[in-house]
Structure formats: C-alpha cells, structure tokens
Amino acid sequence: METIKIEYIINTVQGEGRWCGTPATLVRTFGCPVSCPWCDTGYGENKTDHGYAVMELAEILTACRERHVMITGGEPMIHRQLPEICEALIEAGKFVQIETSGAFWQDVPDDVWVTFSPKDHCSSYKSKPQFWARANEVKVVISDGREMDFYGEKLKSFKGEKLFQPEYERRQWSTPLCVQLAREYGGRLSIQAHKLLGLQIGRAHV
C-alpha cells in the first residue's frame, strides 16, 4: 500500500450520529476540497494550515486501539487508498465507519458503516447519487431549514437512519427545527456530544 496523509489519529468517543457515545478511534484524513463555509475542522472558506503525518497501513492499524474505527476528514473519499485501509481494519476485527460528504465515490466493503452528510446546499461539490442507496445513515446539518429544499424528497425514500443535526453556531435556533424534522421524516436528532463535553482522549499521532 502507498502511504496516506493523516492529520491525526485519536482514541476517543464517537460524538455524533447512530454511534454517539461509543468508544472509538478517530482517523482524520488530510485534505478536503468541499469547503463548507462553517467547516469546524478548518477546511472551509477560511482555511487554516494543517499538519499531517505520512503514514503506512501498519502504522494506522497499530494506532487504532478501539474496536470501533471512525474514518473522517477532511473528506476521506478523496484518498484512493481508502478501500484497502477499510479491508485491513475489518480483517483486524475492527468495526469501520466512514463519514463523507458524498462528493466523491469509492466502492468500500459492504461491512463498512457509511455516514453520509451531504453538502449540496452549501458547496459546489455535489453528492453522488450512489450514496443515497449505499449509506447506512444520512446526517443533514441544519442551519435555517432551507437545506430541506435539497434533501427533503430524497429523505422520504431513504431506507437507512435519518439524522438531523443543528449547525453548532446556530444550535439554539436550529435544534427545535431538527426535532420537528425528525418527527416529520421519521428520524432522530443528532447532537455534537464531543463539542458539548469537550472530548479529546489519547492522541496517538500528529
């Protein structure tokens, strides 16, 4: 396997979505062109410099101490090594979750839990239609409700879990709206527990 740029790996607790509260190793890949304006990892309109480590597969496997491994970014789907990493983690007995904007498609193993958080409403990078069939859960970040102009019809027919997450800086206003949408679409409220609790446990690599 070729090396891959990893921003960091941290042993922590999953903070969002279906697996919120689960002890997990978070693998944050480096790089994202989607540029959401409110990006909370520094890849948005006001980009910041990021450090990263160039890591081999064996190093990644060693750093993933928890059974649950969450691969995020940035945008993990831009890395062509992603399917190979997923396969190796599964072979090592890990439960693998990927969070993606869906703007780039890769065919990852069926056992991988895919969290699809589309950004069509705030980026020129539009999600690939395959994700509406492949994803295990869709997480829509809600700022003012106009997001549903992009996703409402697709969510009606989506078979997986439907999550509505308040945009963090507008959470006092958008949380009641997310609850309303969860009722309407048969979904759930997703909160960013890691931010509310200030979670950061055991960084393995920078």
# chains A, B, ... in the order shown; residues from 1 in each chain; ligands from 1
>>> residues_around(residues="A:Ile6", least_positions_apart="5", cutoff="6 Å", atoms="only C-alpha atoms", output="PyMOL selection string")
chain A and resi 29-30+52-53
>>> closest_atom_pairs(of="stretch 21-91 of chain A", to="stretch 105-126 of chain A", cutoff="12 Å", atoms="only C-alpha atoms", output="CSV")
residue,atom,partner,partner_atom,distance
A:Cys32,CA,A:Tyr125,CA,10.6
A:Pro33,CA,A:Tyr125,CA,8.1
A:Val34,CA,A:Tyr125,CA,5.7
A:Ser35,CA,A:Ser123,CA,6.6
A:Cys36,CA,A:Ser123,CA,6.0
A:Pro37,CA,A:Cys122,CA,7.2
A:Trp38,CA,A:Cys122,CA,9.2
A:Cys39,CA,A:Cys122,CA,10.5
A:Gly44,CA,A:Ser123,CA,9.9
A:Glu45,CA,A:Ser123,CA,10.3
A:His68,CA,A:Trp113,CA,10.5
A:Val69,CA,A:Val112,CA,10.0
A:Met70,CA,A:Trp113,CA,9.2
A:Ile71,CA,A:Val114,CA,9.8
A:Thr72,CA,A:Thr115,CA,9.6
A:Glu75,CA,A:Ser117,CA,10.9
A:Pro76,CA,A:Gln106,CA,9.7
A:Met77,CA,A:Gln106,CA,6.3
A:Ile78,CA,A:Trp105,CA,8.2
A:His79,CA,A:Gln106,CA,9.0
A:Arg80,CA,A:Gln106,CA,7.8
A:Gln81,CA,A:Gln106,CA,9.8
A:Leu82,CA,A:Val108,CA,7.5
A:Pro83,CA,A:Val108,CA,4.9
A:Glu84,CA,A:Val108,CA,8.4
A:Ile85,CA,A:Val108,CA,9.5
A:Cys86,CA,A:Pro109,CA,7.1
A:Glu87,CA,A:Pro109,CA,6.8
A:Ala88,CA,A:Pro109,CA,10.5
A:Leu89,CA,A:Val112,CA,10.0
A:Ile90,CA,A:Asp111,CA,8.0
A:Glu91,CA,A:Asp111,CA,10.9
>>> select_by_dssp(residues="stretch 24-181 of chain A", states="strand (DSSP E)", output="PyMOL selection string")
chain A and resi 24-29+53-55+68-72+95-100+113-116+137-142+161-166
>>> residues_around(residues="A:Pro23", least_positions_apart="6", cutoff="10 Å", atoms="only C-alpha atoms", output="PyMOL selection string")
chain A and resi 11-15+65-69
>>> closest_residue(among="A:Gly74, A:Trp19, A:Ala92, A:Ala63", to="A:Lys5", atoms="only C-alpha atoms")
A:Gly74
>>> residues_around(residues="A:Glu16", least_positions_apart="4", cutoff="7 Å", atoms="only C-alpha atoms", output="number ranges by chain")
A: 20, 190-193
>>> write_last_selection(atoms="N, CA and C atoms", output="mmCIF file, in the first residue's frame")
data_model
loop_
_atom_site.group_PDB
_atom_site.id
_atom_site.type_symbol
_atom_site.label_atom_id
_atom_site.label_comp_id
_atom_site.auth_asym_id
_atom_site.auth_seq_id
_atom_site.Cartn_x
_atom_site.Cartn_y
_atom_site.Cartn_z
ATOM 1 N N CYS A 20 -23.110 7.549 18.562
ATOM 2 C CA CYS A 20 -22.741 8.549 19.577
ATOM 3 C C CYS A 20 -22.565 7.880 20.939
ATOM 4 N N SER A 190 -29.510 14.541 16.043
ATOM 5 C CA SER A 190 -28.095 14.233 16.272
ATOM 6 C C SER A 190 -27.440 15.462 16.886
ATOM 7 N N ILE A 191 -26.788 15.272 18.025
ATOM 8 C CA ILE A 191 -26.063 16.368 18.661
ATOM 9 C C ILE A 191 -24.571 16.103 18.582
ATOM 10 N N GLN A 192 -23.785 17.154 18.678
ATOM 11 C CA GLN A 192 -22.334 17.011 18.654
ATOM 12 C C GLN A 192 -21.831 16.904 20.094
ATOM 13 N N ALA A 193 -21.980 15.709 20.646
ATOM 14 C CA ALA A 193 -21.661 15.483 22.053
ATOM 15 C C ALA A 193 -20.201 15.784 22.357
#
>>> select_by_dssp(residues="stretch 8-116 of chain A", states="helix (DSSP H, G or I)", output="list in words")
Gly17, Arg18, Trp19, Leu57, Ala58, Glu59, Ile60, Leu61, Thr62, Ala63, Pro76, Met77, Ile78, Leu82, Pro83, Glu84, Ile85, Cys86, Glu87, Ala88, Leu89, Ile90 and Glu91 of chain A
>>> closest_residue(among="A:Gly73, A:Tyr151, A:Ala103, A:Lys162", to="A:Arg183", atoms="only C-alpha atoms")
A:Lys162
